[in-house]
Structures are given as C-alpha cells and as structure tokens.
file input_24.txt (compact mmCIF, C-alpha atoms)
# COMPACT_ATOMS: atom_id res chain seq x y z
CA MET A 16 85.69 73.62 96.81
CA ALA A 17 83.91 73.07 93.53
CA ARG A 18 81.37 75.62 92.43
CA MET A 19 77.93 75.89 93.98
CA LYS A 20 75.11 74.16 92.13
CA PHE A 21 71.41 73.46 92.38
CA ILE A 22 69.60 70.40 91.18
CA CYS A 23 66.09 69.11 91.70
CA ASP A 24 65.49 65.38 91.85
CA ALA A 25 62.16 64.98 90.02
CA GLU A 26 61.76 61.46 91.40
CA ARG A 27 61.42 62.94 94.88
CA CYS A 28 59.72 66.32 94.44
CA ILE A 29 56.15 66.14 95.76
CA GLU A 30 55.14 69.67 94.73
CA CYS A 31 54.69 70.81 98.32
CA ASN A 32 56.08 74.29 97.55
CA GLY A 33 58.03 74.26 100.80
CA CYS A 34 61.06 75.61 98.94
CA VAL A 35 59.02 78.50 97.55
CA THR A 36 57.68 79.35 100.98
CA ALA A 37 61.09 79.06 102.62
CA CYS A 38 62.61 81.40 100.04
CA LYS A 39 59.88 84.01 100.31
CA ASN A 40 60.02 83.95 104.09
CA GLU A 41 63.81 83.94 104.42
CA HIS A 42 64.32 86.92 102.12
CA GLU A 43 61.01 88.68 102.70
CA VAL A 44 60.38 88.65 98.97
CA PRO A 45 57.50 90.99 98.00
CA TRP A 46 54.24 89.97 96.39
CA GLY A 47 54.56 89.37 92.68
CA VAL A 48 58.15 88.23 92.87
CA ASN A 49 58.92 84.53 92.99
CA ARG A 50 62.58 83.74 93.13
CA ARG A 51 61.72 80.05 93.18
CA ARG A 52 58.68 78.17 91.94
CA VAL A 53 57.58 74.60 91.42
CA VAL A 54 56.72 73.49 87.90
CA THR A 55 54.73 70.33 87.24
CA LEU A 56 55.08 68.54 83.94
CA ASN A 57 52.14 66.53 82.62
CA ASP A 58 50.04 67.73 85.54
CA GLY A 59 47.20 65.34 86.30
CA VAL A 60 48.57 62.61 84.09
CA PRO A 61 49.82 59.44 85.80
CA GLY A 62 53.58 59.74 86.12
CA GLU A 63 53.59 63.53 86.37
CA LYS A 64 56.85 65.08 87.49
CA SER A 65 57.48 68.23 89.48
CA ILE A 66 60.65 70.26 89.69
CA SER A 67 61.63 73.27 91.71
CA VAL A 68 63.06 75.98 89.49
CA ALA A 69 65.04 79.13 90.23
CA CYS A 70 68.27 80.71 89.05
CA MET A 71 70.67 77.82 88.46
CA HIS A 72 73.77 80.02 88.66
CA CYS A 73 74.89 78.80 85.26
CA SER A 74 78.51 78.16 84.37
CA ASP A 75 78.17 80.35 81.30
CA ALA A 76 75.25 82.53 82.37
CA PRO A 77 73.26 84.01 79.45
CA CYS A 78 71.99 86.84 81.67
CA MET A 79 75.56 88.02 82.20
CA ALA A 80 76.17 87.94 78.47
CA VAL A 81 73.19 90.08 77.50
CA CYS A 82 73.13 92.63 80.33
CA PRO A 83 73.76 96.04 78.72
CA VAL A 84 75.02 97.63 81.94
CA ASN A 85 77.13 94.69 83.13
CA CYS A 86 75.41 94.48 86.50
CA PHE A 87 76.07 90.74 86.93
CA TYR A 88 79.11 89.22 88.53
CA LYS A 89 80.15 85.80 89.73
CA THR A 90 81.62 84.94 93.10
CA ASP A 91 84.56 82.61 93.65
CA GLU A 92 82.05 79.87 94.44
CA GLY A 93 80.33 80.29 91.07
CA VAL A 94 77.26 82.07 92.40
CA VAL A 95 75.82 84.51 89.85
CA LEU A 96 74.83 87.75 91.59
CA HIS A 97 73.84 91.18 90.41
CA ASP A 98 74.17 94.76 91.57
CA LYS A 99 70.77 96.44 91.91
CA ASP A 100 72.42 99.86 91.98
CA VAL A 101 73.57 99.24 88.41
CA CYS A 102 70.53 97.36 87.04
CA ILE A 103 68.26 99.49 84.86
CA GLY A 104 65.40 96.97 84.74
CA CYS A 105 65.51 96.56 80.97
CA GLY A 106 64.47 92.90 81.11
CA TYR A 107 67.00 91.51 78.63
CA CYS A 108 68.12 88.96 81.22
CA ALA A 109 64.56 87.66 81.52
CA TYR A 110 64.49 86.93 77.80
CA ALA A 111 67.93 85.29 77.88
CA CYS A 112 67.43 83.09 80.94
CA PRO A 113 66.36 79.52 80.05
CA PHE A 114 64.90 79.06 83.55
CA GLY A 115 62.78 82.23 83.82
CA ALA A 116 64.70 83.26 86.91
CA PRO A 117 64.82 87.08 86.63
CA GLN A 118 61.82 88.71 88.29
CA PHE A 119 60.67 92.30 88.08
CA PRO A 120 58.64 93.87 90.86
CA SER A 121 55.94 96.30 89.82
CA GLN A 122 56.27 99.61 91.59
CA GLY A 123 54.03 102.64 91.83
CA ALA A 124 50.50 103.34 90.69
CA PHE A 125 51.22 102.56 87.04
CA GLY A 126 53.10 99.33 87.60
CA VAL A 127 56.47 100.64 86.52
CA ARG A 128 58.91 97.77 86.24
CA GLY A 129 61.51 97.85 88.97
CA LYS A 130 65.00 96.50 89.21
CA MET A 131 65.54 92.84 88.57
CA ASP A 132 65.36 90.41 91.47
CA LYS A 133 66.41 86.78 91.45
CA CYS A 134 67.70 83.92 93.55
CA THR A 135 71.05 84.76 95.12
CA PHE A 136 71.85 81.23 96.31
CA CYS A 137 71.31 82.89 99.69
CA ALA A 138 74.57 84.77 99.13
CA GLY A 139 73.30 88.36 99.35
CA GLY A 140 74.84 91.00 97.14
CA PRO A 141 77.71 93.46 96.87
CA GLU A 142 76.85 95.20 100.13
CA GLU A 143 78.61 94.28 103.33
CA ASN A 144 77.90 90.69 104.40
CA GLY A 145 75.00 90.47 106.79
CA SER A 146 74.25 94.19 106.70
CA GLN A 147 70.77 95.69 106.76
CA ALA A 148 71.37 97.26 103.34
CA GLU A 149 72.21 93.86 101.89
CA PHE A 150 69.12 92.28 103.44
CA GLU A 151 66.78 94.96 102.14
CA LYS A 152 68.04 94.60 98.57
CA TYR A 153 68.93 90.93 98.28
CA GLY A 154 67.73 89.13 101.39
CA ARG A 155 69.65 87.06 103.88
CA ASN A 156 73.26 86.05 103.29
CA ARG A 157 73.18 82.49 104.59
CA LEU A 158 76.44 81.45 102.96
CA ALA A 159 78.26 84.01 105.09
CA GLU A 160 76.55 82.43 108.10
CA GLY A 161 77.91 79.01 107.18
CA LYS A 162 74.55 77.77 105.92
CA LEU A 163 73.22 76.48 102.63
CA PRO A 164 70.24 77.92 100.70
CA ALA A 165 67.04 77.87 102.74
CA CYS A 166 65.03 76.20 99.97
CA ALA A 167 67.23 73.10 99.90
CA GLU A 168 67.62 72.90 103.66
CA MET A 169 63.85 73.18 104.06
CA CYS A 170 63.00 70.57 101.39
CA SER A 171 61.09 67.82 103.16
CA THR A 172 61.96 65.03 100.73
CA LYS A 173 65.46 66.32 99.98
CA ALA A 174 64.52 66.55 96.33
CA LEU A 175 66.20 69.92 96.01
CA LEU A 176 69.94 69.66 96.44
CA ALA A 177 72.17 72.69 96.80
CA GLY A 178 75.79 73.29 97.66
CA ASP A 179 79.15 72.09 96.46
CA GLY A 180 78.67 70.66 92.95
CA ASP A 181 80.75 67.58 93.66
CA VAL A 182 78.73 66.69 96.73
CA VAL A 183 75.46 67.33 94.89
CA ALA A 184 76.57 64.98 92.12
CA ASP A 185 77.67 62.33 94.63
CA ILE A 186 74.36 62.41 96.48
CA LEU A 187 72.36 62.15 93.27
CA ARG A 188 74.59 59.40 91.87
CA ASN A 189 74.13 57.35 95.02
CA ARG A 190 70.36 57.75 94.82
CA VAL A 191 70.29 56.67 91.19
CA VAL A 192 72.35 53.60 91.96
CA GLN A 193 70.13 52.69 94.90
CA ARG A 194 66.78 53.11 93.14
CA GLY A 195 67.93 52.20 89.65
CA LYS A 196 66.28 55.11 87.83
CA GLY A 197 66.02 58.88 87.58
CA ALA A 198 69.50 59.67 86.34
CA GLU A 199 68.21 62.35 84.00
CA VAL A 200 67.82 65.70 85.73
CA TRP A 201 66.19 68.71 84.14
CA GLY A 202 68.42 71.73 83.75
CA TRP A 203 71.78 70.23 84.64
CA GLY A 204 73.10 70.23 81.07
CA THR A 205 71.61 73.62 80.27
CA ALA A 206 73.05 75.27 83.35
CA TYR A 207 76.35 73.53 83.86
CA GLY A 208 77.23 72.34 80.39
CA SER A 209 77.36 68.94 78.78
CA LYS A 210 78.42 67.42 75.51
CA LYS A 211 75.22 68.78 74.03
CA ALA A 212 75.41 72.22 75.62
CA GLY A 213 74.36 74.90 73.18
CA GLN A 214 72.61 72.44 70.90
CA ALA A 215 68.90 71.90 70.58
CA PRO A 216 67.73 69.00 72.77
CA GLU A 217 66.33 65.91 71.17
CA THR A 218 62.57 65.70 71.03
CA GLY A 219 61.22 64.81 74.44
CA ALA A 220 64.68 64.68 76.01
CA LYS A 221 65.52 66.29 79.30
CA SER A 222 68.29 68.83 79.03
CA MET B 6 104.91 120.64 54.30
CA MET B 7 101.94 119.52 52.30
CA ARG B 8 102.64 115.88 53.20
CA THR B 9 102.75 116.72 56.90
CA PHE B 10 99.49 118.57 56.62
CA VAL B 11 97.86 115.63 54.86
CA VAL B 12 99.10 113.17 57.49
CA VAL B 13 97.88 115.38 60.35
CA ALA B 14 94.52 115.89 58.65
CA ALA B 15 94.17 112.16 58.03
CA LEU B 16 94.97 111.37 61.65
CA ALA B 17 92.49 113.96 62.88
CA THR B 18 89.82 112.61 60.56
CA LEU B 19 90.40 109.00 61.55
CA ALA B 20 90.48 109.90 65.22
CA ALA B 21 86.89 111.03 64.91
CA CYS B 22 86.00 107.51 63.81
CA GLY B 23 87.27 106.01 67.04
CA GLU B 24 84.68 104.86 69.51
CA LYS B 25 85.06 105.54 73.17
CA PRO B 26 84.31 102.65 75.49
CA GLN B 27 80.75 102.82 76.76
CA THR B 28 80.87 100.09 79.35
CA LEU B 29 79.74 101.09 82.77
CA ALA B 30 82.81 100.44 84.87
CA VAL B 31 81.46 99.77 88.31
CA PRO B 32 83.76 97.90 90.64
CA LYS B 33 82.12 94.92 92.25
CA SER B 34 83.33 94.73 95.79
CA GLU B 35 81.76 91.44 96.81
CA THR B 36 83.09 90.29 100.14
CA ALA B 37 83.91 86.60 100.23
CA ALA B 38 81.31 84.59 102.11
CA TYR B 39 83.87 82.79 104.28
CA THR B 40 84.86 86.09 105.88
CA GLY B 41 81.64 86.11 107.84
CA PRO B 42 80.80 88.18 109.81
CA THR B 43 80.06 86.18 112.93
CA SER B 44 76.60 86.96 114.25
CA ALA B 45 73.94 85.39 116.40
CA PHE B 46 72.69 83.56 113.30
CA THR B 47 76.06 82.13 112.27
CA ALA B 48 76.25 78.35 112.31
CA HIS B 49 78.72 76.86 114.74
CA GLY B 50 81.68 74.73 113.75
CA TRP B 51 83.82 77.11 111.74
CA LYS B 52 85.68 80.36 112.26
CA ALA B 53 84.97 83.45 110.15
CA GLY B 54 87.92 84.14 107.86
CA ASP B 55 89.09 80.54 107.64
CA LYS B 56 88.22 79.50 104.11
CA ALA B 57 89.14 75.84 104.50
CA ALA B 58 87.06 75.53 107.66
CA TRP B 59 84.10 77.24 105.97
CA GLU B 60 84.27 74.90 102.99
CA GLN B 61 84.59 71.84 105.16
CA HIS B 62 81.71 73.00 107.32
CA LEU B 63 79.43 73.50 104.30
CA LYS B 64 80.32 70.09 102.87
CA ALA B 65 79.60 68.41 106.18
CA ARG B 66 76.33 70.33 106.49
CA GLN B 67 75.40 69.26 102.98
CA GLN B 68 76.13 65.59 103.68
CA ASN B 69 74.33 65.62 107.01
CA GLY B 70 71.35 67.60 105.80
CA GLN B 71 70.77 66.37 102.27
CA ASN B 72 72.27 62.90 101.95
CA ASP B 73 69.74 60.71 103.73
CA TYR B 74 71.45 57.53 102.53
CA SER B 75 74.50 58.39 104.62
CA LYS B 76 72.26 58.82 107.65
CA MET B 77 70.34 55.57 107.19
CA ASN B 78 73.20 53.30 106.15

call {"tool": "encode", "arguments": {"input": "input_24.txt", "output": "structure tokens"}}
result
Amino acid sequence: MARMKFICDAERCIECNGCVTACKNEHEVPWGVNRRRVVTLNDGVPGEKSISVACMHCSDAPCMAVCPVNCFYKTDEGVVLHDKDVCIGCGYCAYACPFGAPQFPSQGAFGVRGKMDKCTFCAGGPEENGSQAEFEKYGRNRLAEGKLPACAEMCSTKALLAGDGDVVADILRNRVVQRGKGAEVWGWGTAYGSKKAGQAPETGAKS
Amino acid sequence: MMRTFVVVAALATLAACGEKPQTLAVPKSETAAYTGPTSAFTAHGWKAGDKAAWEQHLKARQQNGQNDYSKMN
C-alpha cells in the first residue's frame, strides 16, 4: 500500500462543512478545537473556491522537525501522529505547519494552553487500538476498524478524498480527464512534495 | 610523569566540554492498524491481523465510496 493522503477537490467542494461536523462528532472534539475546517477563497466573488483543510500528514512534516520534545511519529502508512503524554504544548508545530493544523484547547479559568490536538487521519494514537484511553485523547481509530477517515466518507460531493495515495491520485486524475479542468489541487505539492517543493510558489499559483 | 599529567588534565578538561544528549527518548509503541482489534464497529470483509486483506479492503472501500465514476460507468 502507498502512503495515506488527503486531497480536496476544489471543483466539487460546496462549503457544506459536513466534513467538519463529521470530524467533531466522530472524535467528540471539544469546543474551540477544529481539527478540520473549510476555507473559502475569494468568498462572494463569482468563481469562489472552497477547500477542506486539516493536517495533510506531510511526507516531510515540518511539525516533526521543529518539535522540541520529539512527540511526533509516523506510522507505516505515512500517518503523522503525536503522543500527548510527551507534548508540552509549546506551539512550535503551529508556527511550522503550512496548513494551520495543530490546535490548542484552552483549559482552566485563565485559558492555559493545553496539549496540541490535530487530525489523526482517524488513526488514534499510541494507546491500544480501540481503547477508551485512545478515544479520550485522540478520538476514534477508524483505520483499525477497516474504515477511512469520517470526513471523507461523509463528504456529500466526494470533494474530499482520503486513503491510499495511489487511489486518491487515480480518482482525481479520472475526474480531471472527464471534466477537462481542475487539475491543480491546493496543498498537494506542499504536503507531498513536487519539483517545486521548498521553493516559494509563483504569484497566484496553487501549491 | 609531567606529560601523563598534562594528557590526563587535558582529557578531563575536554570531557567537560562534551554535551550529553538531551533528547527525550520515549518509545512510540504504535500498534499497526491492520491488527485490529475486531469490535462491533469493525467493518466486515477483512480479518484482523491480515495486512494484505486490510489493505485490499481499504482500497475497495475507497473505490466504492469515493470514486463515483466507477459506480456510474
């Protein structure tokens, strides 16, 4: 199996926020934490585009590189996960992430920043698969149940694709061939590398 | 004698310059997803522990659930 990947087809996303709702419900994510969100570009202007954004589980994840306590790790399927028992909530990962994925819950009367929380590709964490401890810290482990991320499976227009990277690419390629447009996808190059990875994008170009 | 003393003193001095590793060595004991466990919520069509079956099941689920062209055509 190739590594797990996300991509959002901006030609199809209708900004319904079904993915956001599915994620929050599936993992019982607390108020103030949004593992996934929908971003609309040129909102209100004819031709506006919306994309669903969360942790992309990058090939060369910047969050892993900057974490001072090395709490991140990557599974065999390429899913970037973190250990909340190790995280100190410093927030470096939030600055490093190009997708704004790391979230920090506010805890206590003075809003003390808690441990980082982010999309797990519905793969849980280091605790035992499917355990209560894993659910309370990271949410459901759908991969261990033979399922794909809830956000993508819930997407009404199938704009959000998730799963094996080769299959994701095949599905998108077929769509582009059929409709004759929309080959550029936001975030693919940034997350999974391209010829221009690490270089500043051209003005107005999608990365 | 003096030479030995100088060498020992130099080694002791340089040893103080060495930096101990400060990385937090925490073993990550992530259990592979294909190992299950099987529960009431587990999707049917694959057996926990069989990696090939798990991968094939996910690919089929992805094609059936996300590739609407394959369903229409």

call {"tool": "closest_atom_pairs", "arguments": {"input": "input_24.txt", "of": "chain B", "to": "chain A", "cutoff": "6 Å", "atoms": "all atoms listed in the file", "output": "tab-separated table"}}
result
residue	atom	partner	partner_atom	distance
B:Leu29	CA	A:Val84	CA	5.9
B:Ser34	CA	A:Pro141	CA	5.9
B:Glu35	CA	A:Pro141	CA	4.5
B:Ala38	CA	A:Ala159	CA	4.3
B:Tyr39	CA	A:Ala159	CA	5.8
B:Gly41	CA	A:Ala159	CA	4.8
B:Thr47	CA	A:Glu160	CA	4.2
B:Ala48	CA	A:Gly161	CA	5.4
B:Gln71	CA	A:Lys173	CA	5.8
B:Asn72	CA	A:Ile186	CA	5.9

call {"tool": "atom_distance", "arguments": {"input": "input_24.txt", "atom1": "CA of Gln67 in chain B", "atom2": "CA of Val44 in chain A"}}
result
24.9 Å

call {"tool": "atom_distance", "arguments": {"input": "input_24.txt", "atom1": "CA of Lys64 in chain A", "atom2": "CA of Ala25 in chain A"}}
result
5.9 Å

call {"tool": "axis_aligned_box", "arguments": {"input": "input_24.txt", "around": "range 19-37 of chain A", "padding_each_side": "8 Å", "output": "AutoDock Vina command-line options"}}
result
--center_x 66.3 --center_y 70.4 --center_z 96.3 --size_x 39.2 --size_y 33.9 --size_z 28.6

call {"tool": "residues_around", "arguments": {"input": "input_24.txt", "residues": "Lys152 in chain A", "least_positions_apart": "2", "cutoff": "9 Å", "atoms": "all atoms listed in the file", "output": "short mmCIF file (atom, residue, chain, number, x, y, z; two decimals) with C-alpha atoms, in the frame of the given file"}}
result
data_model
loop_
_atom_site.label_atom_id
_atom_site.label_comp_id
_atom_site.auth_asym_id
_atom_site.auth_seq_id
_atom_site.Cartn_x
_atom_site.Cartn_y
_atom_site.Cartn_z
CA LYS A 99 70.77 96.44 91.91
CA ASP A 132 65.36 90.41 91.47
CA GLY A 139 73.30 88.36 99.35
CA GLY A 140 74.84 91.00 97.14
CA GLU A 142 76.85 95.20 100.13
CA GLN A 147 70.77 95.69 106.76
CA ALA A 148 71.37 97.26 103.34
CA GLU A 149 72.21 93.86 101.89
CA PHE A 150 69.12 92.28 103.44
CA GLY A 154 67.73 89.13 101.39
#

call {"tool": "decode", "arguments": {"input": "input_24.txt", "residues": "range 124-158 of chain A", "atoms": "C-alpha atoms", "output": "PDB file, in the first residue's frame"}}
result
ATOM      1  CA  ALA A 124     -10.103  29.631  34.337  1.00  0.00           C
ATOM      2  CA  PHE A 125      -7.169  31.505  32.826  1.00  0.00           C
ATOM      3  CA  GLY A 126      -7.218  29.823  29.438  1.00  0.00           C
ATOM      4  CA  VAL A 127      -3.965  27.952  29.886  1.00  0.00           C
ATOM      5  CA  ARG A 128      -2.952  26.383  26.597  1.00  0.00           C
ATOM      6  CA  GLY A 129      -3.305  22.625  26.658  1.00  0.00           C
ATOM      7  CA  LYS A 130      -1.627  19.877  24.726  1.00  0.00           C
ATOM      8  CA  MET A 131      -1.748  20.000  20.980  1.00  0.00           C
ATOM      9  CA  ASP A 132      -4.611  18.315  19.161  1.00  0.00           C
ATOM     10  CA  LYS A 133      -4.849  17.650  15.452  1.00  0.00           C
ATOM     11  CA  CYS A 134      -6.308  15.385  12.803  1.00  0.00           C
ATOM     12  CA  THR A 135      -5.141  11.803  13.253  1.00  0.00           C
ATOM     13  CA  PHE A 136      -6.408  10.529   9.891  1.00  0.00           C
ATOM     14  CA  CYS A 137      -8.812   8.663  12.174  1.00  0.00           C
ATOM     15  CA  ALA A 138      -5.869   6.521  13.283  1.00  0.00           C
ATOM     16  CA  GLY A 139      -5.926   7.226  17.027  1.00  0.00           C
ATOM     17  CA  GLY A 140      -2.657   7.428  18.917  1.00  0.00           C
ATOM     18  CA  PRO A 141      -0.039   5.360  20.707  1.00  0.00           C
ATOM     19  CA  GLU A 142      -2.535   3.815  23.112  1.00  0.00           C
ATOM     20  CA  GLU A 143      -4.016   0.418  22.436  1.00  0.00           C
ATOM     21  CA  ASN A 144      -6.150   0.365  19.278  1.00  0.00           C
ATOM     22  CA  GLY A 145      -9.790   0.988  20.022  1.00  0.00           C
ATOM     23  CA  SER A 146      -9.247   1.500  23.749  1.00  0.00           C
ATOM     24  CA  GLN A 147     -11.106   4.035  25.870  1.00  0.00           C
ATOM     25  CA  ALA A 148      -7.821   5.779  26.681  1.00  0.00           C
ATOM     26  CA  GLU A 149      -7.085   6.199  22.989  1.00  0.00           C
ATOM     27  CA  PHE A 150     -10.564   7.564  22.313  1.00  0.00           C
ATOM     28  CA  GLU A 151     -10.403  10.105  25.124  1.00  0.00           C
ATOM     29  CA  LYS A 152      -7.078  11.500  23.925  1.00  0.00           C
ATOM     30  CA  TYR A 153      -7.232  11.142  20.161  1.00  0.00           C
ATOM     31  CA  GLY A 154     -10.731  10.054  19.174  1.00  0.00           C
ATOM     32  CA  ARG A 155     -11.877   7.041  17.237  1.00  0.00           C
ATOM     33  CA  ASN A 156      -9.423   4.737  15.480  1.00  0.00           C
ATOM     34  CA  ARG A 157     -11.336   4.058  12.276  1.00  0.00           C
ATOM     35  CA  LEU A 158      -8.346   2.697  10.377  1.00  0.00           C
TER      36      LEU A 158
END
